[in-house]
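Q: mmCIF, C-alpha atoms and all ligand atoms, saved as model32.cif, coming up:
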data_final
loop_
_atom_site.group_PDB
_atom_site.id
_atom_site.type_symbol
_atom_site.label_atom_id
_atom_site.label_comp_id
_atom_site.auth_asym_id
_atom_site.auth_seq_id
_atom_site.Cartn_x
_atom_site.Cartn_y
_atom_site.Cartn_z
ATOM 1 C CA MET T 1 -7.797 -3.467 -27.099
ATOM 2 C CA ALA T 2 -6.313 -0.411 -25.438
ATOM 3 C CA ASP T 3 -7.836 0.810 -22.175
ATOM 4 C CA ASP T 4 -10.216 3.773 -22.260
ATOM 5 C CA LEU T 5 -8.322 6.998 -21.636
ATOM 6 C CA TYR T 6 -9.171 9.506 -18.889
ATOM 7 C CA ALA T 7 -7.167 12.391 -17.452
ATOM 8 C CA VAL T 8 -7.068 15.197 -14.947
ATOM 9 C CA VAL T 9 -6.269 18.647 -16.384
ATOM 10 C CA GLY T 10 -4.864 21.495 -14.315
ATOM 11 C CA ASN T 11 -1.924 23.873 -13.984
ATOM 12 C CA PRO T 12 0.138 22.901 -12.076
ATOM 13 C CA ILE T 13 -0.773 19.227 -12.076
ATOM 14 C CA SER T 14 2.255 17.214 -10.953
ATOM 15 C CA HIS T 15 1.003 17.052 -7.323
ATOM 16 C CA SER T 16 -2.379 15.605 -8.325
ATOM 17 C CA LYS T 17 -3.489 12.425 -6.558
ATOM 18 C CA SER T 18 -6.186 11.738 -9.151
ATOM 19 C CA PRO T 19 -4.110 9.363 -11.352
ATOM 20 C CA ARG T 20 -3.270 7.284 -8.275
ATOM 21 C CA ILE T 21 -6.894 7.252 -7.075
ATOM 22 C CA HIS T 22 -8.364 6.308 -10.460
ATOM 23 C CA SER T 23 -5.796 3.608 -11.099
ATOM 24 C CA LEU T 24 -6.730 2.089 -7.718
ATOM 25 C CA PHE T 25 -10.408 2.293 -8.775
ATOM 26 C CA ALA T 26 -9.603 0.619 -12.114
ATOM 27 C CA THR T 27 -7.745 -2.238 -10.428
ATOM 28 C CA GLN T 28 -10.486 -2.693 -7.860
ATOM 29 C CA THR T 29 -13.399 -2.699 -10.344
ATOM 30 C CA GLY T 30 -11.614 -4.376 -13.259
ATOM 31 C CA GLU T 31 -12.706 -1.509 -15.532
ATOM 32 C CA PRO T 32 -10.340 -0.982 -18.505
ATOM 33 C CA VAL T 33 -9.320 2.548 -17.505
ATOM 34 C CA GLU T 34 -6.041 4.360 -18.100
ATOM 35 C CA TYR T 35 -5.826 7.700 -16.282
ATOM 36 C CA ILE T 36 -3.130 10.312 -16.816
ATOM 37 C CA ALA T 37 -2.355 13.898 -15.732
ATOM 38 C CA ILE T 38 -2.246 16.707 -18.294
ATOM 39 C CA GLN T 39 -0.884 20.189 -17.662
ATOM 40 C CA ALA T 40 -2.798 22.629 -19.863
ATOM 41 C CA PRO T 41 -1.192 25.950 -20.763
ATOM 42 C CA LEU T 42 -2.859 28.740 -18.776
ATOM 43 C CA ASP T 43 -4.003 30.336 -22.026
ATOM 44 C CA ASP T 44 -5.226 27.221 -23.828
ATOM 45 C CA PHE T 45 -7.487 25.089 -21.678
ATOM 46 C CA ALA T 46 -10.078 24.807 -24.483
ATOM 47 C CA GLY T 47 -7.469 23.610 -26.983
ATOM 48 C CA THR T 48 -6.203 21.001 -24.535
ATOM 49 C CA VAL T 49 -9.721 19.668 -23.919
ATOM 50 C CA GLY T 50 -10.553 19.564 -27.634
ATOM 51 C CA ALA T 51 -7.343 17.731 -28.491
ATOM 52 C CA PHE T 52 -7.898 15.179 -25.698
ATOM 53 C CA PHE T 53 -11.392 14.223 -26.852
ATOM 54 C CA ASP T 54 -10.412 14.318 -30.543
ATOM 55 C CA ARG T 55 -7.773 11.673 -29.888
ATOM 56 C CA GLY T 56 -10.417 9.423 -28.341
ATOM 57 C CA GLY T 57 -10.235 10.419 -24.674
ATOM 58 C CA LYS T 58 -13.366 9.411 -22.758
ATOM 59 C CA GLY T 59 -13.486 11.771 -19.810
ATOM 60 C CA LEU T 60 -11.658 14.527 -17.952
ATOM 61 C CA ASN T 61 -11.421 15.740 -14.415
ATOM 62 C CA VAL T 62 -10.667 19.429 -14.154
ATOM 63 C CA THR T 63 -8.843 21.178 -11.346
ATOM 64 C CA VAL T 64 -7.387 24.580 -10.468
ATOM 65 C CA PRO T 65 -7.523 27.005 -12.231
ATOM 66 C CA PHE T 66 -9.807 25.692 -14.974
ATOM 67 C CA LYS T 67 -13.066 24.638 -13.283
ATOM 68 C CA GLU T 68 -14.990 27.763 -14.337
ATOM 69 C CA GLN T 69 -13.640 27.516 -17.888
ATOM 70 C CA ALA T 70 -14.716 23.870 -18.055
ATOM 71 C CA TRP T 71 -18.217 24.944 -17.048
ATOM 72 C CA ALA T 72 -18.280 27.672 -19.709
ATOM 73 C CA LEU T 73 -16.924 25.404 -22.441
ATOM 74 C CA ALA T 74 -19.589 22.722 -22.094
ATOM 75 C CA GLY T 75 -22.545 22.447 -24.431
ATOM 76 C CA ARG T 76 -24.637 20.923 -21.670
ATOM 77 C CA ARG T 77 -24.425 21.003 -17.873
ATOM 78 C CA THR T 78 -25.888 18.830 -15.165
ATOM 79 C CA GLU T 79 -28.009 20.623 -12.593
ATOM 80 C CA ARG T 80 -25.317 20.288 -9.942
ATOM 81 C CA ALA T 81 -22.717 21.781 -12.323
ATOM 82 C CA GLU T 82 -25.119 24.586 -13.201
ATOM 83 C CA ASN T 83 -25.558 25.424 -9.499
ATOM 84 C CA ALA T 84 -21.857 25.176 -8.802
ATOM 85 C CA GLY T 85 -20.879 27.540 -11.629
ATOM 86 C CA ALA T 86 -17.887 25.275 -12.145
ATOM 87 C CA ALA T 87 -17.177 21.771 -13.416
ATOM 88 C CA ASN T 88 -14.711 19.132 -12.263
ATOM 89 C CA THR T 89 -15.914 16.390 -14.632
ATOM 90 C CA LEU T 90 -16.272 16.465 -18.432
ATOM 91 C CA TYR T 91 -17.303 13.893 -21.025
ATOM 92 C CA ARG T 92 -18.855 13.796 -24.473
ATOM 93 C CA ASP T 93 -22.367 12.389 -24.751
ATOM 94 C CA GLU T 94 -23.576 10.116 -27.579
ATOM 95 C CA ASN T 95 -24.139 13.189 -29.815
ATOM 96 C CA GLY T 96 -20.606 14.441 -29.232
ATOM 97 C CA THR T 97 -21.799 17.286 -26.993
ATOM 98 C CA LEU T 98 -19.375 18.211 -24.212
ATOM 99 C CA VAL T 99 -21.156 17.673 -20.877
ATOM 100 C CA ALA T 100 -20.032 19.355 -17.637
ATOM 101 C CA ASP T 101 -20.724 17.804 -14.257
ATOM 102 C CA ASN T 102 -19.602 18.676 -10.738
ATOM 103 C CA THR T 103 -19.023 15.931 -8.185
ATOM 104 C CA ASP T 104 -17.264 18.003 -5.489
ATOM 105 C CA GLY T 105 -20.363 18.738 -3.421
ATOM 106 C CA VAL T 106 -21.658 15.182 -3.369
ATOM 107 C CA GLY T 107 -18.099 14.109 -2.552
ATOM 108 C CA LEU T 108 -18.048 16.332 0.534
ATOM 109 C CA VAL T 109 -21.535 15.328 1.683
ATOM 110 C CA ARG T 110 -20.880 11.637 1.121
ATOM 111 C CA ASP T 111 -17.626 11.769 3.047
ATOM 112 C CA LEU T 112 -19.303 13.553 5.966
ATOM 113 C CA THR T 113 -22.517 11.546 6.130
ATOM 114 C CA VAL T 114 -21.586 8.064 4.868
ATOM 115 C CA ASN T 115 -17.896 7.696 5.737
ATOM 116 C CA GLN T 116 -17.808 9.754 8.912
ATOM 117 C CA GLY T 117 -21.384 9.261 10.111
ATOM 118 C CA VAL T 118 -21.954 13.005 10.607
ATOM 119 C CA THR T 119 -25.599 14.099 10.446
ATOM 120 C CA LEU T 120 -26.238 17.336 8.535
ATOM 121 C CA ASN T 121 -30.038 17.190 8.516
ATOM 122 C CA GLY T 122 -31.489 19.601 11.077
ATOM 123 C CA ARG T 123 -28.034 20.749 12.227
ATOM 124 C CA ARG T 124 -26.302 24.130 12.418
ATOM 125 C CA ILE T 125 -23.620 24.422 9.764
ATOM 126 C CA LEU T 126 -20.988 27.148 9.380
ATOM 127 C CA VAL T 127 -19.231 27.381 6.017
ATOM 128 C CA LEU T 128 -16.070 29.493 5.794
ATOM 129 C CA GLY T 129 -15.273 31.118 2.465
ATOM 130 C CA ALA T 130 -17.324 32.297 -0.497
ATOM 131 C CA GLY T 131 -15.208 31.413 -3.523
ATOM 132 C CA GLY T 132 -15.569 28.725 -6.167
ATOM 133 C CA ALA T 133 -14.827 25.883 -3.750
ATOM 134 C CA VAL T 134 -17.712 26.878 -1.482
ATOM 135 C CA ARG T 135 -20.138 27.589 -4.313
ATOM 136 C CA GLY T 136 -19.423 24.058 -5.564
ATOM 137 C CA VAL T 137 -20.653 22.404 -2.364
ATOM 138 C CA LEU T 138 -23.620 24.556 -1.296
ATOM 139 C CA GLY T 139 -26.253 22.758 -3.387
ATOM 140 C CA PRO T 140 -25.521 19.275 -1.973
ATOM 141 C CA LEU T 141 -25.166 20.708 1.583
ATOM 142 C CA LEU T 142 -28.597 22.386 1.332
ATOM 143 C CA ALA T 143 -30.077 19.168 -0.050
ATOM 144 C CA GLU T 144 -29.361 17.609 3.377
ATOM 145 C CA ALA T 145 -31.767 20.187 4.880
ATOM 146 C CA PRO T 146 -29.689 21.581 7.744
ATOM 147 C CA ALA T 147 -31.574 23.867 10.161
ATOM 148 C CA THR T 148 -29.098 26.697 9.646
ATOM 149 C CA LEU T 149 -26.364 27.378 7.131
ATOM 150 C CA VAL T 150 -24.205 30.433 7.793
ATOM 151 C CA ILE T 151 -21.607 31.508 5.241
ATOM 152 C CA ALA T 152 -18.793 33.547 6.797
ATOM 153 C CA ASN T 153 -16.233 35.231 4.590
ATOM 154 C CA ARG T 154 -13.499 37.865 4.774
ATOM 155 C CA THR T 155 -15.360 39.794 2.042
ATOM 156 C CA VAL T 156 -18.922 39.709 3.388
ATOM 157 C CA ALA T 157 -20.446 40.857 0.084
ATOM 158 C CA ARG T 158 -19.321 37.597 -1.583
ATOM 159 C CA ALA T 159 -20.990 35.555 1.164
ATOM 160 C CA GLU T 160 -24.165 37.646 0.753
ATOM 161 C CA ALA T 161 -24.113 37.025 -3.006
ATOM 162 C CA LEU T 162 -23.958 33.253 -2.440
ATOM 163 C CA VAL T 163 -26.856 33.400 0.021
ATOM 164 C CA ALA T 164 -28.923 35.254 -2.594
ATOM 165 C CA LEU T 165 -27.883 32.820 -5.353
ATOM 166 C CA PHE T 166 -28.817 29.728 -3.343
ATOM 167 C CA ALA T 167 -32.006 31.125 -1.750
ATOM 168 C CA PRO T 168 -34.141 29.125 -4.231
ATOM 169 C CA ASN T 169 -32.424 25.887 -3.047
ATOM 170 C CA ALA T 170 -32.670 26.658 0.670
ATOM 171 C CA GLY T 171 -36.029 25.044 1.461
ATOM 172 C CA ALA T 172 -36.582 25.349 5.214
ATOM 173 C CA THR T 173 -32.880 25.992 5.924
ATOM 174 C CA ARG T 174 -32.170 29.422 7.402
ATOM 175 C CA MET T 175 -29.275 30.848 5.373
ATOM 176 C CA SER T 176 -27.290 33.932 6.284
ATOM 177 C CA ALA T 177 -23.988 35.658 5.595
ATOM 178 C CA CYS T 178 -21.533 37.380 7.914
ATOM 179 C CA GLY T 179 -17.892 38.235 8.513
ATOM 180 C CA PHE T 180 -15.680 35.803 10.463
ATOM 181 C CA ALA T 181 -15.870 37.835 13.685
ATOM 182 C CA GLU T 182 -19.682 37.886 13.607
ATOM 183 C CA ALA T 183 -20.159 34.099 13.355
ATOM 184 C CA ALA T 184 -22.265 33.269 16.423
ATOM 185 C CA GLY T 185 -21.711 29.700 17.574
ATOM 186 C CA PRO T 186 -21.558 27.049 18.557
ATOM 187 C CA PHE T 187 -22.096 25.166 15.298
ATOM 188 C CA ASP T 188 -22.492 21.420 14.866
ATOM 189 C CA VAL T 189 -20.365 21.329 11.723
ATOM 190 C CA ILE T 190 -17.785 23.929 10.625
ATOM 191 C CA ILE T 191 -16.494 23.521 7.074
ATOM 192 C CA ASN T 192 -13.404 25.429 5.960
ATOM 193 C CA GLY T 193 -13.642 26.198 2.249
ATOM 194 C CA THR T 194 -11.279 29.174 2.244
ATOM 195 C CA SER T 195 -7.885 28.981 0.627
ATOM 196 C CA ALA T 196 -6.384 30.634 3.731
ATOM 197 C CA SER T 197 -4.576 27.461 4.795
ATOM 198 C CA LEU T 198 -2.583 27.532 1.544
ATOM 199 C CA GLN T 199 -0.861 30.577 3.024
ATOM 200 C CA GLY T 200 -0.825 28.989 6.502
ATOM 201 C CA ASP T 201 -3.485 31.539 7.564
ATOM 202 C CA LEU T 202 -6.396 31.003 9.882
ATOM 203 C CA PRO T 203 -9.742 32.783 9.417
ATOM 204 C CA PRO T 204 -10.099 35.034 12.525
ATOM 205 C CA LEU T 205 -13.086 33.264 14.089
ATOM 206 C CA PRO T 206 -14.365 33.672 17.633
ATOM 207 C CA ALA T 207 -13.500 30.575 19.697
ATOM 208 C CA ASN T 208 -17.178 30.036 20.518
ATOM 209 C CA VAL T 209 -18.014 28.806 16.993
ATOM 210 C CA ILE T 210 -16.615 25.491 18.273
ATOM 211 C CA GLY T 211 -18.581 23.626 20.943
ATOM 212 C CA SER T 212 -17.800 20.329 22.633
ATOM 213 C CA GLY T 213 -19.909 18.447 20.052
ATOM 214 C CA SER T 214 -18.601 20.298 16.984
ATOM 215 C CA VAL T 215 -17.105 18.575 13.973
ATOM 216 C CA SER T 216 -14.608 20.589 11.925
ATOM 217 C CA TYR T 217 -14.007 19.698 8.309
ATOM 218 C CA ASP T 218 -11.169 21.227 6.289
ATOM 219 C CA MET T 219 -11.726 20.847 2.546
ATOM 220 C CA MET T 220 -7.936 20.924 2.299
ATOM 221 C CA TYR T 221 -5.951 17.915 3.411
ATOM 222 C CA ALA T 222 -2.423 17.399 4.622
ATOM 223 C CA LEU T 223 -1.175 13.812 4.499
ATOM 224 C CA GLY T 224 0.670 12.765 7.621
ATOM 225 C CA THR T 225 -0.182 15.929 9.520
ATOM 226 C CA THR T 226 -3.107 18.107 10.640
ATOM 227 C CA THR T 227 -4.182 21.231 8.755
ATOM 228 C CA VAL T 228 -3.734 24.587 10.481
ATOM 229 C CA PHE T 229 -7.503 24.991 10.646
ATOM 230 C CA ASN T 230 -8.122 21.579 12.184
ATOM 231 C CA ARG T 231 -5.343 22.109 14.699
ATOM 232 C CA TRP T 232 -7.063 25.329 15.785
ATOM 233 C CA ALA T 233 -10.478 23.625 15.941
ATOM 234 C CA GLY T 234 -9.020 20.813 18.047
ATOM 235 C CA GLU T 235 -7.465 23.344 20.431
ATOM 236 C CA GLN T 236 -10.889 24.967 20.868
ATOM 237 C CA GLY T 237 -12.299 21.598 21.909
ATOM 238 C CA ALA T 238 -13.916 20.245 18.727
ATOM 239 C CA ALA T 239 -15.158 16.680 19.143
ATOM 240 C CA ARG T 240 -13.732 15.622 15.772
ATOM 241 C CA THR T 241 -11.513 17.182 13.113
ATOM 242 C CA LEU T 242 -11.678 15.825 9.582
ATOM 243 C CA ASP T 243 -9.680 16.734 6.493
ATOM 244 C CA GLY T 244 -10.567 16.734 2.804
ATOM 245 C CA LEU T 245 -8.867 13.514 1.704
ATOM 246 C CA GLY T 246 -12.209 11.711 1.915
ATOM 247 C CA MET T 247 -13.860 14.410 -0.181
ATOM 248 C CA LEU T 248 -11.104 14.061 -2.777
ATOM 249 C CA VAL T 249 -11.612 10.315 -3.046
ATOM 250 C CA GLU T 250 -15.418 10.592 -3.028
ATOM 251 C CA GLN T 251 -15.538 13.217 -5.802
ATOM 252 C CA ALA T 252 -13.296 10.912 -7.834
ATOM 253 C CA ALA T 253 -15.542 7.905 -7.157
ATOM 254 C CA GLU T 254 -18.595 9.848 -8.283
ATOM 255 C CA ALA T 255 -16.795 10.927 -11.488
ATOM 256 C CA PHE T 256 -15.805 7.284 -12.089
ATOM 257 C CA ARG T 257 -19.460 6.277 -11.622
ATOM 258 C CA VAL T 258 -20.626 8.996 -14.064
ATOM 259 C CA TRP T 259 -18.174 7.756 -16.706
ATOM 260 C CA ARG T 260 -18.280 3.997 -16.153
ATOM 261 C CA GLY T 261 -21.607 3.289 -14.433
ATOM 262 C CA VAL T 262 -19.720 1.502 -11.645
ATOM 263 C CA ARG T 263 -19.168 2.960 -8.172
ATOM 264 C CA PRO T 264 -15.825 1.970 -6.660
ATOM 265 C CA GLU T 265 -15.438 1.301 -2.949
ATOM 266 C CA THR T 266 -13.682 4.292 -1.462
ATOM 267 C CA GLY T 267 -12.634 3.013 1.967
ATOM 268 C CA PRO T 268 -9.732 0.839 0.812
ATOM 269 C CA VAL T 269 -8.499 3.628 -1.494
ATOM 270 C CA MET T 270 -8.429 6.138 1.366
ATOM 271 C CA ASP T 271 -6.511 3.650 3.488
ATOM 272 C CA THR T 272 -3.979 3.170 0.701
ATOM 273 C CA LEU T 273 -3.488 6.925 0.213
ATOM 274 C CA ARG T 274 -2.935 7.476 3.939
ATOM 275 C CA ARG T 275 -0.301 4.707 3.844
ATOM 276 C CA ASP T 276 1.386 5.828 0.574
HETATM 277 P P1 LIG B 301 -11.472 28.834 -4.468
HETATM 278 O O1 LIG B 301 -11.751 28.350 -5.860
HETATM 279 O O2 LIG B 301 -10.412 28.057 -3.740
HETATM 280 O O3 LIG B 301 -12.723 28.961 -3.662
HETATM 281 P P2 LIG B 301 -11.409 31.703 -4.642
HETATM 282 O O4 LIG B 301 -12.653 31.762 -5.467
HETATM 283 O O5 LIG B 301 -10.279 32.602 -4.943
HETATM 284 O O6 LIG B 301 -10.782 30.238 -4.662
HETATM 285 O O7 LIG B 301 -11.857 31.894 -3.106
HETATM 286 C C1 LIG B 301 -10.926 31.842 -2.063
HETATM 287 C C2 LIG B 301 -11.685 31.971 -0.741
HETATM 288 O O8 LIG B 301 -10.759 31.940 0.336
HETATM 289 C C3 LIG B 301 -12.440 33.277 -0.589
HETATM 290 O O9 LIG B 301 -13.543 33.074 0.247
HETATM 291 C C4 LIG B 301 -11.389 34.163 0.074
HETATM 292 O O10 LIG B 301 -11.910 35.257 0.773
HETATM 293 P P3 LIG B 301 -12.297 36.636 -0.026
HETATM 294 O O11 LIG B 301 -13.575 36.331 -0.748
HETATM 295 O O12 LIG B 301 -12.457 37.642 1.025
HETATM 296 O O13 LIG B 301 -11.140 36.893 -0.950
HETATM 297 C C5 LIG B 301 -10.805 33.167 1.037
HETATM 298 N N1 LIG B 301 -9.443 33.513 1.482
HETATM 299 C C6 LIG B 301 -8.311 33.490 0.743
HETATM 300 N N2 LIG B 301 -7.247 33.825 1.501
HETATM 301 C C7 LIG B 301 -7.711 34.069 2.753
HETATM 302 C C8 LIG B 301 -7.105 34.462 3.986
HETATM 303 N N3 LIG B 301 -5.780 34.656 4.080
HETATM 304 N N4 LIG B 301 -7.915 34.608 5.063
HETATM 305 C C9 LIG B 301 -9.225 34.391 4.980
HETATM 306 N N5 LIG B 301 -9.878 34.033 3.839
HETATM 307 C C10 LIG B 301 -9.123 33.877 2.747
#
What does this structure look like when you write it as structure tokens?

A:
Amino acid sequence: MADDLYAVVGNPISHSKSPRIHSLFATQTGEPVEYIAIQAPLDDFAGTVGAFFDRGGKGLNVTVPFKEQAWALAGRRTERAENAGAANTLYRDENGTLVADNTDGVGLVRDLTVNQGVTLNGRRILVLGAGGAVRGVLGPLLAEAPATLVIANRTVARAEALVALFAPNAGATRMSACGFAEAAGPFDVIINGTSASLQGDLPPLPANVIGSGSVSYDMMYALGTTTVFNRWAGEQGAARTLDGLGMLVEQAAEAFRVWRGVRPETGPVMDTLRRD
């Protein structure tokens, strides 16, 4: 029998590491999974998704720029997808309903807490950015019950809107919004969720957001080198600088678990990707 078919959909898609990651998961777990990359036309994401499932496809990962469309297209959404306002994982349930899930936030939190041993509970967290990437991770970050979560963004109004949106999830965490220059450190964990590094830019933060015990985490990753943001954080004296490769592998592992009911081991896959 043919393997079950999965894919990642985006535009562009040729750079995607997801086929490599999921094929390593399939080999490791022995699950009969074939995983391909599909470039959807910018104006026909819905048609691409429909055609994939109609030909028997079992599940999709969704990446830039279609995560919000994936969320909107679904007939049902998990709570974490609902909170995120975006979906990176799609499948059809037993009734044929398209279900949207989002595994990005748990991927980030799992990489930080399990792989890297970073405590978030009771800590001071600074999140940079207020776009879709940040919205996708706020629910799982708040679930760790940090003492403080500050969202700093170039456009402060977007950070304020996220604080208002997630107020019901905040529990005892003090949440606030500010511009980059107003971020008052030091913070225990500083997470860069802006797309600034794509342009080689650095959010203009005061140096004192970084203390000698700070951990910086760039949701971007750069194989074989250090991201601009992490280089800056290291220069300011951060204790550790981490990039988003672990988050990428963890969000994939959680999607694999959602689809297959089996959680792959991520450590060996990260090692392989760093060696590739
Ligand atoms: P994504 O899905 O990657 O989050 P997005 O919704 O367009 O994409 O959000 C991009 C984020 O990066 C925003 O927080 C954006 O700041 P604004 O809300 O002010 O636009 C931030 N960003 C993009 N380029 C940046 C730059 N050069 N410097 C600082 N922040 C930047």

Q: When the PyMOL selection byres (((not hetatm)) within 7 of (chain B and resi 301)) is applied to the file above, which residues end up in the set, as a list in words?

A: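 Taken over the shown coordinates, the PyMOL selection byres (((not hetatm)) within 7 of (chain B and resi 301)) returns Gly129, Ala130, Gly131, Gly132, Ala133, Val134, Asn153, Arg154, Thr155, Arg158, Gly193, Thr194, Ser195, Ala196, Gln199, Asp201, Leu202 and Pro203 of chain T.
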
Q: Please save C-alpha atoms of the selected residues as a CSV table (one decimal), keeping the file's coordinate frame.

A:
chain,number,residue,atom,x,y,z
T,129,GLY,CA,-15.3,31.1,2.5
T,130,ALA,CA,-17.3,32.3,-0.5
T,131,GLY,CA,-15.2,31.4,-3.5
T,132,GLY,CA,-15.6,28.7,-6.2
T,133,ALA,CA,-14.8,25.9,-3.8
T,134,VAL,CA,-17.7,26.9,-1.5
T,153,ASN,CA,-16.2,35.2,4.6
T,154,ARG,CA,-13.5,37.9,4.8
T,155,THR,CA,-15.4,39.8,2.0
T,158,ARG,CA,-19.3,37.6,-1.6
T,193,GLY,CA,-13.6,26.2,2.2
T,194,THR,CA,-11.3,29.2,2.2
T,195,SER,CA,-7.9,29.0,0.6
T,196,ALA,CA,-6.4,30.6,3.7
T,199,GLN,CA,-0.9,30.6,3.0
T,201,ASP,CA,-3.5,31.5,7.6
T,202,LEU,CA,-6.4,31.0,9.9
T,203,PRO,CA,-9.7,32.8,9.4

Q: When you count only C-alpha atoms, which of these residues is closest to T:Ala181: T:Gly200, T:Ala167, T:Lys58, T:Ala207?

A: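 Closest to T:Ala181 of all the choices is T:Ala207.
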
Q: When distances are computed from all atoms listed in the file, which of T:Asn169, T:Ser197, T:Arg240, T:Trp259 shows the smallest separation from T:Gly117?

A: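 Ranked by minimum distance to T:Gly117, first place goes to T:Arg240.
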
Q: With a distance cut-off of 8 Å and all atoms listed in the file, select the neighbouring residues of T:Lys67, excluding the residue or stretch itself and same-chain residues fewer than 5 positions from it, and output the selection as a list in words.

A: Val62, Ala86, Ala87 and Asn88 of chain T

Q: Find the residues near T:Val156: any atom within 12 Å, counting all atoms listed in the file, skip ones fewer than 5 places away on the same chain, and give them as a ChimeraX atom specification.

A: /T:128-131,150-151,161-163,176-183

Q: Atom CA of T:Gly185 and atom CA of T:Thr148, how far apart in Å?

A: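 It comes out at 11.2 Å.
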
Q: In Å to one decimal, how far is atom CA of T:Gly136 from atom CA of T:Val106?

A: 9.4 Å

Q: Which is closer to T:Ala100 than all the others in T:Glu68, T:Glu235, T:Asp44, T:Glu254, using all atoms listed in the file?

A: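 Checking each candidate against T:Ala100, we get T:Glu68 as the closest.
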
Q: Evaluate the PyMOL selection byres (((chain T and resi 102) around 10) and not hetatm) on the structure here and hand back the selected residues as a compact mmCIF listing (two decimals) with C-alpha atoms, in the coordinates of the input.

A:
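Written file, part27.txt:
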# COMPACT_ATOMS: atom_id res chain seq x y z
CA ASN T 61 -11.42 15.74 -14.42
CA VAL T 62 -10.67 19.43 -14.15
CA LYS T 67 -13.07 24.64 -13.28
CA TRP T 71 -18.22 24.94 -17.05
CA ARG T 77 -24.42 21.00 -17.87
CA THR T 78 -25.89 18.83 -15.16
CA GLU T 79 -28.01 20.62 -12.59
CA ARG T 80 -25.32 20.29 -9.94
CA ALA T 81 -22.72 21.78 -12.32
CA GLU T 82 -25.12 24.59 -13.20
CA ASN T 83 -25.56 25.42 -9.50
CA ALA T 84 -21.86 25.18 -8.80
CA GLY T 85 -20.88 27.54 -11.63
CA ALA T 86 -17.89 25.28 -12.14
CA ALA T 87 -17.18 21.77 -13.42
CA ASN T 88 -14.71 19.13 -12.26
CA THR T 89 -15.91 16.39 -14.63
CA LEU T 90 -16.27 16.46 -18.43
CA ALA T 100 -20.03 19.36 -17.64
CA ASP T 101 -20.72 17.80 -14.26
CA THR T 103 -19.02 15.93 -8.18
CA ASP T 104 -17.26 18.00 -5.49
CA GLY T 105 -20.36 18.74 -3.42
CA VAL T 106 -21.66 15.18 -3.37
CA GLY T 107 -18.10 14.11 -2.55
CA GLY T 136 -19.42 24.06 -5.56
CA VAL T 137 -20.65 22.40 -2.36
CA GLN T 251 -15.54 13.22 -5.80
CA GLU T 254 -18.60 9.85 -8.28
CA ALA T 255 -16.80 10.93 -11.49

Q: Would you translate the PyMOL selection byres (((chain T and resi 209) around 12) and not hetatm) into the concrete set of residues it matches in this file, as a PyMOL selection string?

A: chain T and resi 124-128+150+152+180-191+203-208+210-216+232-233+236-238

Q: Quick check, in Å to one decimal: how far apart do atom CA of T:Ala170 and atom CA of T:Val109 lie?

A: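 Answer for the atom CA of T:Ala170 to atom CA of T:Val109 separation: 15.9 Å.
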
Q: When you count all atoms listed in the file, which of these residues is closest to T:Leu141: T:Val8, T:Leu112, T:Leu198, T:Met220?

A: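 Comparing T:Val8, T:Leu112, T:Leu198, T:Met220 against T:Leu141, the winner is T:Leu112.
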
Q: Excluding T:Ala51 and its own-chain neighbours fewer than 6 positions away, which residues fall within 12 Å of it when counting all atoms listed in the file? Please give them as an mmCIF file with C-alpha atoms, in the frame of the given file.

A:
data_model
loop_
_atom_site.group_PDB
_atom_site.id
_atom_site.type_symbol
_atom_site.label_atom_id
_atom_site.label_comp_id
_atom_site.auth_asym_id
_atom_site.auth_seq_id
_atom_site.Cartn_x
_atom_site.Cartn_y
_atom_site.Cartn_z
ATOM 1 C CA ILE T 38 -2.246 16.707 -18.294
ATOM 2 C CA ALA T 40 -2.798 22.629 -19.863
ATOM 3 C CA ASP T 44 -5.226 27.221 -23.828
ATOM 4 C CA PHE T 45 -7.487 25.089 -21.678
ATOM 5 C CA GLY T 57 -10.235 10.419 -24.674
ATOM 6 C CA LYS T 58 -13.366 9.411 -22.758
ATOM 7 C CA LEU T 60 -11.658 14.527 -17.952
#

Q: Any idea what's packed within 12 Å of T:Thr97, counting only C-alpha atoms, ignoring anything in its chain fewer than 6 positions away? Could you give it as a PyMOL selection string?

A: chain T and resi 50+53+73-77+90-91

Q: Please write the residues from the selection above to a file, keeping C-alpha atoms, as a PDB file, keeping the file's coordinate frame.

A:
ATOM      1  CA  GLY T  50     -10.553  19.564 -27.634  1.00  0.00           C
ATOM      2  CA  PHE T  53     -11.392  14.223 -26.852  1.00  0.00           C
ATOM      3  CA  LEU T  73     -16.924  25.404 -22.441  1.00  0.00           C
ATOM      4  CA  ALA T  74     -19.589  22.722 -22.094  1.00  0.00           C
ATOM      5  CA  GLY T  75     -22.545  22.447 -24.431  1.00  0.00           C
ATOM      6  CA  ARG T  76     -24.637  20.923 -21.670  1.00  0.00           C
ATOM      7  CA  ARG T  77     -24.425  21.003 -17.873  1.00  0.00           C
ATOM      8  CA  LEU T  90     -16.272  16.465 -18.432  1.00  0.00           C
ATOM      9  CA  TYR T  91     -17.303  13.893 -21.025  1.00  0.00           C
TER      10      TYR T  91
END

Q: So, with only C-alpha atoms as the atoms that count, which of T:Pro41, T:Pro32, T:Gly171, T:Pro264 lies closest to T:Val9?

A: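 Smallest separation from T:Val9 among the options: T:Pro41.
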
Q: Box along x, y and z, 8 Å on every side, all listed atoms of stretch 76-79 of chain T inside: centre and edge lengths in Å to one decimal, as lines of an AutoDock Vina configuration file.

A:
center_x = -26.2
center_y = 19.9
center_z = -17.1
size_x = 19.6
size_y = 18.2
size_z = 25.1

Q: Would you mind telling me which residue in T:Arg274, T:Thr226, T:Pro65, T:Asp3 lies nearest to T:Lys17 when using all atoms listed in the file?

A: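 Closest residue, counting all atoms listed in the file: T:Arg274.
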
Q: Show which residues sit within 9 Å of T:Ser18, as a count of residues only. Count only C-alpha atoms, and ignore same-chain residues fewer than 3 positions away.

A: 12
